[in-house]
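Student: This is the structure I have questions about; it appears just below.
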Amino acid sequence: MSTRTNLTGELLIGAAGVAATAGTMKALDPATGEFLEPEFAFGGAAEVDRALRLADDAFDAYSHTSLAGRAAFLDLVADKLEAAKDELAARAALETGLPAAQLESEAVRTAGVFRRFADVVRAGRLLQVSVDTAQPDRLPAARMDHRLQKVALGPVVVFGASNFPISYSVLGGDTASALAAGCPVVVKAHNAHPGASEIQGRVIRQAVAESGLPEGVFSLVRGAGNEIGEALVDHPLVRAVTFTGSEAGGMALYRRAQRRPDPVPVFTEMTSVNPTFVLPAALAARGAEIGAGLVQRAMYNVGQACLKPAVLLAVDGPGFGELRDAAAAEIRRAAARTMLTPGIHDAYTRGTRRTEDGGATLVGAGTDPVRAGDGQALLFEVTGERLLAEPALREETFGPAVLLVRLTGVEQLFEVARAFRGQLSATVQADGADRDAAERLLPILERRTGRIVFNAFSIPQEVSHATTHGGPFPATSDSRFTSVGMGAIERFVRPVTYQNFPDDLLPEPLREANPLHLWRLVDGEPGRH
Ligand code: NAP
């Protein structure tokens with residue numbers, strides 16, 4: 001049963017609702033340009049300090065909750081999120097201009113992510129226990145007993161993103177994976193959707209209270225300008241930071257954390273154009289289908305998606321005209337739609353101007369904008385030569401624009417592939433006769449991306465054990481990790497080895513009898529032993 005949240009606009013610091021100490025703001029309806037009630041509180045360094053002290057106080061108890069207990073908490077968050085989905089979607093739709101039905105399904109998918117993390121916790125896999133038993137008679141030197149498990153890092157700060165106000169925001173994969181790892185979380189709410197953030201914050205807070213967990217397991221803070229973000233990254237009790245947003249913002253926070261007396265990891269997910277390479281046989285056979293299919297996916301979320309397939313590359317030859325015509329026809333069908341914020345709309349306008357200044361020509365446009373904040377769908381075309389000469393054409397334009405690149409041959413396709421910076425994903429469209437070219441292209445892409453898609457599209461994305469949502473810089477600041485999928489938990493744990501311990505002093509997961517029936521690596525052999 002859904003119960004309505006009474007939005008108070010307070011900061012949610014542990015169990016307390018905290019009033020403004022540094023001014024207030026109202027949410028903006030980007031469709032009408034009107035402000036929405038209520039006023040939302042801004043806090044400052046003192047509120048950051050309060051939230052992080054509570055998080056640190058909660059850490060020992062929360063990180064040592066039983067696996068079953070922590071999993072039950074994550075399941076409870078999922079249940080409460082589902083119960084709040086109508087209200088959350090309605091408020092998020094007002095604050096973002098995105099369709100309520102889409103946001104409802106985002107809420108349901110996000111609840112599913114919490115449940116999958118609960119399964120991961122319950123199975124104890126996150127502990128990654130390894131046991132190397134003592135070998136007193138080993139020559140030339142005896143081996144002592146060594147037992148390793150992964151433990152939680154400590155309080156984590158999450159910067160919610162603007163573009164998916166649930167799945168990458170307060171209740172997103174960053175929060176879910178950090179809580180699953182056993183880390184208390186302090187979320188810096190994105191000011192583009194403060195009401196949706198509060199609803200989600202209250203969902204977690206209620207689950208914390210009903211689970212009997214310490215209040216500091218979760219807090220939600222909000223502030224004006226960069227100060228609150230900087231105070232969060234600087235705070236001595238923070239052990240890790242996650243961020244989804246612009247390259248400039250992500251790198252500013254990353255560099256700041258490296259300048260701390262005790263540097264901490266900042267896992268940023270920043271920018272990607274997700275290039276799609278259409279090889280000649282696939283182009284000849286399926287050019288129109290690929291062109292139309294790609295544009296449909298690129299328009300998802302008004303093009304404001306990190307996985308938007310923004311650049312479509314094909315060799316000029318049989319099928320190219322069909323690809324371009326189908327892509328242009330699909331663009332013409334796309335209605336101008338409200339973008340997330342006036343700032344993002346302005347950045348889109350600047351980005352499309354930069355594309356034209358870089359030498360691209362407009363080959364198709366969607367319906368004209370009706371309101372000031374509407375983003376018009378645009379299809380540009382450029383030569384491979386220009387793309388190679390103009391780095392700006394290889395950068396993200398956040399919004400409903402697609403760039404079609406006309407290449408002179410497969411050799412130029414490889415050269416262009418090498419010119420891209422790190423990506424979250426890259427796609428290969430290839431048929432049987434493209435095998436040799438595909439084999440040459442794959443190692444080039446593997447070096448530059450976290451996910452390679454074959455004869456499909458980068459959207460939608462699965463959230464599973466095998467998901468990678470990461471990639472070399474500037475897709476992320478650390479290509480060894482993923483921010484989506486079960487592997488996201490790895491960012492928030494570290495290994496600890498217990499050497500030569502008596503069994504009864506060991507943590508339960510490491511004990512000889514394996515009382516939790518965990519999957520463990522014992523003397524190199526995997527199994528439940
Ligand atoms: P953003 O400007 O990078 O902001 C993200 C969050 O970080 C906000 O909470 C922001 O706080 C905070 N922040 C940014 N820079 C900061 C700094 N130097 N110090 C302290 N805090 C800082 O991202 P956005 O508002 O979501 O969107 C802007 C642009 O980011 C888009 O046009 C797009 O290019 C890119 N973007 C990319 C992705 C992606 O997935 N690739 C997703 C979203 C956005 P304030 O709001 O208070 O400034």
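Letters A, B, ... go to the chains of the structure tokens in the order shown; residues in each chain start at 1; ligands are counted from 1 in the same order.
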What's around stretch 473-477 of chain A at 12 Å? Count only C-alpha atoms, leave out sequence neighbours fewer than 4 positions away in its own chain, and write the answer as an mmCIF file with N, CA and C atoms, in the first residue's frame.

Tutor:
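Below is the file that was written, selection19.cif:
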```
data_model
loop_
_atom_site.group_PDB
_atom_site.id
_atom_site.type_symbol
_atom_site.label_atom_id
_atom_site.label_comp_id
_atom_site.auth_asym_id
_atom_site.auth_seq_id
_atom_site.Cartn_x
_atom_site.Cartn_y
_atom_site.Cartn_z
ATOM 1 N N VAL A 241 34.150 7.947 -2.697
ATOM 2 C CA VAL A 241 33.161 8.858 -3.294
ATOM 3 C C VAL A 241 32.758 8.291 -4.646
ATOM 4 N N THR A 242 31.454 8.399 -4.975
ATOM 5 C CA THR A 242 31.034 8.059 -6.335
ATOM 6 C C THR A 242 30.343 9.269 -6.945
ATOM 7 N N PHE A 243 30.470 9.384 -8.256
ATOM 8 C CA PHE A 243 29.959 10.569 -8.955
ATOM 9 C C PHE A 243 29.504 10.159 -10.352
ATOM 10 N N THR A 244 28.342 10.653 -10.777
ATOM 11 C CA THR A 244 27.927 10.539 -12.180
ATOM 12 C C THR A 244 27.536 11.932 -12.634
ATOM 13 N N GLY A 245 28.121 12.386 -13.723
ATOM 14 C CA GLY A 245 27.811 13.731 -14.206
ATOM 15 C C GLY A 245 28.847 14.181 -15.213
ATOM 16 N N SER A 246 29.153 15.483 -15.189
ATOM 17 C CA SER A 246 30.027 16.051 -16.222
ATOM 18 C C SER A 246 31.489 15.704 -15.959
ATOM 19 N N GLU A 247 32.279 15.756 -17.026
ATOM 20 C CA GLU A 247 33.718 15.498 -16.894
ATOM 21 C C GLU A 247 34.364 16.579 -16.025
ATOM 22 N N ALA A 248 33.934 17.828 -16.215
ATOM 23 C CA ALA A 248 34.534 18.924 -15.436
ATOM 24 C C ALA A 248 34.256 18.721 -13.945
ATOM 25 N N GLY A 249 33.004 18.416 -13.597
ATOM 26 C CA GLY A 249 32.639 18.222 -12.196
ATOM 27 C C GLY A 249 33.339 17.007 -11.610
ATOM 28 N N GLY A 250 33.300 15.917 -12.335
ATOM 29 C CA GLY A 250 33.909 14.669 -11.857
ATOM 30 C C GLY A 250 35.396 14.831 -11.607
ATOM 31 N N MET A 251 36.076 15.479 -12.545
ATOM 32 C CA MET A 251 37.524 15.615 -12.394
ATOM 33 C C MET A 251 37.889 16.608 -11.293
ATOM 34 N N ALA A 252 37.054 17.641 -11.101
ATOM 35 C CA ALA A 252 37.323 18.600 -10.014
ATOM 36 C C ALA A 252 37.272 17.863 -8.671
ATOM 37 N N LEU A 253 36.262 17.002 -8.513
ATOM 38 C CA LEU A 253 36.121 16.284 -7.245
ATOM 39 C C LEU A 253 37.205 15.206 -7.106
ATOM 40 N N TYR A 254 37.536 14.569 -8.209
ATOM 41 C CA TYR A 254 38.594 13.539 -8.197
ATOM 42 C C TYR A 254 39.920 14.171 -7.739
ATOM 43 N N ARG A 255 40.269 15.308 -8.365
ATOM 44 C CA ARG A 255 41.554 15.950 -8.038
ATOM 45 C C ARG A 255 41.560 16.420 -6.579
ATOM 46 N N PRO A 265 39.541 7.069 -2.874
ATOM 47 C CA PRO A 265 39.105 6.870 -4.255
ATOM 48 C C PRO A 265 37.841 7.648 -4.580
ATOM 49 N N VAL A 266 37.808 8.230 -5.780
ATOM 50 C CA VAL A 266 36.596 8.874 -6.306
ATOM 51 C C VAL A 266 36.273 8.147 -7.606
ATOM 52 N N PHE A 267 35.166 7.416 -7.593
ATOM 53 C CA PHE A 267 34.765 6.653 -8.776
ATOM 54 C C PHE A 267 33.812 7.523 -9.588
ATOM 55 N N THR A 268 34.320 8.093 -10.678
ATOM 56 C CA THR A 268 33.481 8.984 -11.482
ATOM 57 C C THR A 268 33.050 8.273 -12.752
ATOM 58 N N GLU A 269 31.812 8.545 -13.164
ATOM 59 C CA GLU A 269 31.314 8.091 -14.469
ATOM 60 C C GLU A 269 30.903 9.363 -15.175
ATOM 61 N N MET A 270 31.587 9.673 -16.311
ATOM 62 C CA MET A 270 31.487 11.040 -16.813
ATOM 63 C C MET A 270 30.948 11.176 -18.239
ATOM 64 N N THR A 271 31.623 10.646 -19.195
ATOM 65 C CA THR A 271 31.208 10.984 -20.562
ATOM 66 C C THR A 271 31.565 9.881 -21.548
ATOM 67 N N SER A 272 30.681 9.702 -22.536
ATOM 68 C CA SER A 272 30.878 8.630 -23.514
ATOM 69 C C SER A 272 29.990 8.906 -24.714
ATOM 70 N N VAL A 273 30.488 8.631 -25.930
ATOM 71 C CA VAL A 273 29.619 8.797 -27.115
ATOM 72 C C VAL A 273 29.175 7.444 -27.668
ATOM 73 N N ASN A 274 29.711 6.363 -27.117
ATOM 74 C CA ASN A 274 29.236 5.017 -27.468
ATOM 75 C C ASN A 274 29.159 4.794 -28.986
ATOM 76 N N CYS A 306 23.823 8.241 -20.533
ATOM 77 C CA CYS A 306 25.263 8.012 -20.678
ATOM 78 C C CYS A 306 25.538 6.979 -21.775
ATOM 79 N N LEU A 307 24.565 6.111 -22.059
ATOM 80 C CA LEU A 307 24.783 5.061 -23.063
ATOM 81 C C LEU A 307 24.194 5.412 -24.427
ATOM 82 N N GLU A 395 33.400 14.287 -29.000
ATOM 83 C CA GLU A 395 32.956 14.497 -27.613
ATOM 84 C C GLU A 395 31.438 14.441 -27.514
ATOM 85 N N GLU A 396 30.965 14.197 -26.291
ATOM 86 C CA GLU A 396 29.530 14.036 -26.047
ATOM 87 C C GLU A 396 28.763 15.365 -26.169
ATOM 88 N N PHE A 420 39.152 7.589 -30.806
ATOM 89 C CA PHE A 420 38.211 7.867 -29.702
ATOM 90 C C PHE A 420 38.895 7.730 -28.350
ATOM 91 N N ARG A 421 38.483 8.588 -27.408
ATOM 92 C CA ARG A 421 38.922 8.419 -26.017
ATOM 93 C C ARG A 421 38.118 7.270 -25.398
ATOM 94 N N GLY A 422 38.346 7.009 -24.123
ATOM 95 C CA GLY A 422 37.694 5.873 -23.458
ATOM 96 C C GLY A 422 36.178 5.985 -23.468
ATOM 97 N N GLN A 423 35.513 4.858 -23.620
ATOM 98 C CA GLN A 423 34.061 4.812 -23.775
ATOM 99 C C GLN A 423 33.435 3.818 -22.800
ATOM 100 N N LEU A 424 32.159 4.068 -22.470
ATOM 101 C CA LEU A 424 31.401 3.079 -21.693
ATOM 102 C C LEU A 424 31.043 1.880 -22.561
ATOM 103 N N SER A 425 30.720 2.154 -23.826
ATOM 104 C CA SER A 425 30.363 1.046 -24.719
ATOM 105 C C SER A 425 30.730 1.409 -26.150
ATOM 106 N N ALA A 426 30.881 0.363 -26.967
ATOM 107 C CA ALA A 426 31.036 0.533 -28.416
ATOM 108 C C ALA A 426 30.270 -0.620 -29.047
ATOM 109 N N ARG A 447 40.494 -2.047 -26.135
ATOM 110 C CA ARG A 447 41.398 -1.121 -25.426
ATOM 111 C C ARG A 447 40.697 0.143 -24.989
ATOM 112 N N ARG A 448 39.572 0.456 -25.616
ATOM 113 C CA ARG A 448 38.965 1.776 -25.405
ATOM 114 C C ARG A 448 37.613 1.753 -24.715
ATOM 115 N N THR A 449 37.079 0.583 -24.418
ATOM 116 C CA THR A 449 35.712 0.571 -23.882
ATOM 117 C C THR A 449 35.506 -0.525 -22.846
ATOM 118 N N GLY A 450 34.437 -0.330 -22.049
ATOM 119 C CA GLY A 450 34.109 -1.327 -21.029
ATOM 120 C C GLY A 450 33.105 -2.365 -21.501
ATOM 121 N N ARG A 451 32.428 -2.115 -22.619
ATOM 122 C CA ARG A 451 31.413 -3.076 -23.096
ATOM 123 C C ARG A 451 31.395 -3.021 -24.618
ATOM 124 N N THR A 468 29.257 -4.576 -17.321
ATOM 125 C CA THR A 468 30.278 -3.555 -17.063
ATOM 126 C C THR A 468 29.721 -2.217 -17.515
ATOM 127 N N HIS A 469 29.650 -1.279 -16.587
ATOM 128 C CA HIS A 469 29.312 0.100 -16.920
ATOM 129 C C HIS A 469 30.510 0.903 -16.433
ATOM 130 N N PHE A 481 36.836 -0.788 -12.572
ATOM 131 C CA PHE A 481 35.574 -1.029 -11.866
ATOM 132 C C PHE A 481 34.366 -0.706 -12.722
ATOM 133 N N THR A 482 33.209 -1.198 -12.280
ATOM 134 C CA THR A 482 31.935 -0.874 -12.913
ATOM 135 C C THR A 482 31.064 -0.150 -11.896
ATOM 136 N N SER A 483 30.212 0.774 -12.386
ATOM 137 C CA SER A 483 29.297 1.446 -11.452
ATOM 138 C C SER A 483 27.901 0.839 -11.519
#
```

Student: Please identify which residues in stretch 23-165 of chain A DSSP calls helix (DSSP H, G or I) from the backbone, and express them as a PyMOL selection string.

Tutor: chain A and resi 45-63+67-83+85-96+100-123+125-127

Student: Find the residues near A:Glu227: any atom within 12 Å, counting only C-alpha atoms, skip ones fewer than 3 places away on the same chain, and give them as a tab-separated table (two decimals) with N, CA, C and O atoms, in the first residue's frame.

Tutor:
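Writing the result to selection-v6.tsv gives the following:
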```tsv
chain	number	residue	atom	x	y	z
A	22	ALA	N	21.82	27.31	5.21
A	22	ALA	CA	22.56	28.06	4.17
A	22	ALA	C	21.64	28.44	3.02
A	22	ALA	O	22.01	28.33	1.85
A	42	PHE	N	19.07	24.11	2.22
A	42	PHE	CA	20.49	23.95	1.91
A	42	PHE	C	21.24	23.85	3.23
A	42	PHE	O	20.95	24.59	4.18
A	43	GLY	N	22.23	22.97	3.27
A	43	GLY	CA	23.10	22.88	4.43
A	43	GLY	C	24.51	23.25	4.03
A	43	GLY	O	24.78	23.60	2.88
A	44	GLY	N	25.42	23.15	5.00
A	44	GLY	CA	26.82	23.49	4.74
A	44	GLY	C	27.74	22.51	5.43
A	44	GLY	O	27.35	21.36	5.72
A	45	ALA	N	28.94	22.97	5.74
A	45	ALA	CA	29.97	22.09	6.29
A	45	ALA	C	29.52	21.45	7.61
A	45	ALA	O	29.87	20.28	7.89
A	46	ALA	N	28.74	22.18	8.42
A	46	ALA	CA	28.34	21.62	9.72
A	46	ALA	C	27.41	20.42	9.52
A	46	ALA	O	27.52	19.42	10.25
A	47	GLU	N	26.53	20.49	8.51
A	47	GLU	CA	25.60	19.38	8.27
A	47	GLU	C	26.35	18.18	7.67
A	47	GLU	O	26.05	17.03	7.97
A	48	VAL	N	27.33	18.50	6.84
A	48	VAL	CA	28.17	17.43	6.28
A	48	VAL	C	28.89	16.71	7.42
A	48	VAL	O	28.93	15.46	7.48
A	188	LYS	N	24.70	13.24	-1.73
A	188	LYS	CA	24.56	14.66	-2.07
A	188	LYS	C	23.46	14.71	-3.13
A	188	LYS	O	23.66	14.28	-4.27
A	221	VAL	N	22.01	15.04	2.07
A	221	VAL	CA	22.30	16.47	2.26
A	221	VAL	C	22.16	17.20	0.92
A	221	VAL	O	22.15	16.58	-0.15
A	222	ARG	N	22.05	18.49	1.01
A	222	ARG	CA	21.83	19.31	-0.18
A	222	ARG	C	22.47	20.66	0.08
A	222	ARG	O	22.49	21.12	1.23
A	223	GLY	N	23.00	21.30	-0.95
A	223	GLY	CA	23.61	22.60	-0.72
A	223	GLY	C	23.69	23.42	-1.98
A	223	GLY	O	23.41	22.93	-3.08
A	224	ALA	N	24.08	24.67	-1.80
A	224	ALA	CA	24.19	25.58	-2.94
A	224	ALA	C	25.62	25.56	-3.46
A	224	ALA	O	26.56	25.47	-2.69
A	230	GLU	N	32.33	19.97	-2.06
A	230	GLU	CA	33.74	20.03	-1.66
A	230	GLU	C	33.89	19.61	-0.20
A	230	GLU	O	34.82	18.89	0.15
A	231	ALA	N	32.95	20.07	0.65
A	231	ALA	CA	33.03	19.70	2.07
A	231	ALA	C	32.88	18.17	2.23
A	231	ALA	O	33.54	17.56	3.07
A	232	LEU	N	32.04	17.57	1.40
A	232	LEU	CA	31.85	16.11	1.48
A	232	LEU	C	33.14	15.38	1.08
A	232	LEU	O	33.56	14.44	1.74
A	233	VAL	N	33.75	15.82	0.00
A	233	VAL	CA	34.96	15.14	-0.49
A	233	VAL	C	36.13	15.36	0.47
A	233	VAL	O	36.98	14.49	0.63
A	234	ASP	N	36.14	16.52	1.13
A	234	ASP	CA	37.25	16.83	2.05
A	234	ASP	C	37.11	16.16	3.41
A	234	ASP	O	38.07	16.10	4.17
A	253	LEU	N	36.26	17.00	-8.51
A	253	LEU	CA	36.12	16.28	-7.24
A	253	LEU	C	37.20	15.21	-7.11
A	253	LEU	O	37.75	14.98	-6.02
```

Student: For a quick check of understanding, using only C-alpha atoms, which of A:Thr397, A:Thr427, A:Gln304, A:Gln376 has the smallest distance to A:Leu279?

Tutor: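 Looking at the shortest contact to A:Leu279, the residue is A:Thr427.
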
Student: Tell me which protein, DNA and RNA residues are within 9 Å of A:Ala161, counting only C-alpha atoms, leaving out same-chain ones fewer than 6 positions away, and put them as a ChimeraX atom specification.

Tutor: /A:167-170,189-190,192,243-245

Student: Near A:Ala298, within 7 Å and counting only C-alpha atoms, which residues show up once chain neighbours fewer than 6 positions away are dropped, as a list in words?

Tutor: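 Listed by chain and then number, they are Lys308, Pro309, Ala310 and Pro400 of chain A.
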
Student: Export, as a short mmCIF file (atom, residue, chain, number, x, y, z; two decimals), in the first residue's frame, the selected residues with C-alpha atoms.

Tutor:
```
data_model
loop_
_atom_site.label_atom_id
_atom_site.label_comp_id
_atom_site.auth_asym_id
_atom_site.auth_seq_id
_atom_site.Cartn_x
_atom_site.Cartn_y
_atom_site.Cartn_z
CA LYS A 308 23.22 7.06 -25.91
CA PRO A 309 24.64 5.73 -29.21
CA ALA A 310 25.68 9.24 -30.29
CA PRO A 400 18.87 14.28 -28.68
#
```

Student: Between A:Val402, A:Ala257, A:Leu237, A:Val315, single out the one closest to ligand 1, counting only C-alpha atoms and all ligand atoms.

Tutor: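 The shortest atom-to-atom distance to ligand 1 comes from A:Ala257.
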
Student: List the neighbours of A:Gly14 out to 12 Å using only C-alpha atoms; skip same-chain residues closer than 5 positions along the sequence, and give me the result as a ChimeraX atom specification.

Tutor: /A:47-58,184-187,201-202,204-209,213-221

Student: Considering only C-alpha atoms, state which residue in the set A:Gly359, A:Gly373, A:Gly319, A:Gly154 is at the smallest distance from A:Arg337.

Tutor: A:Gly373
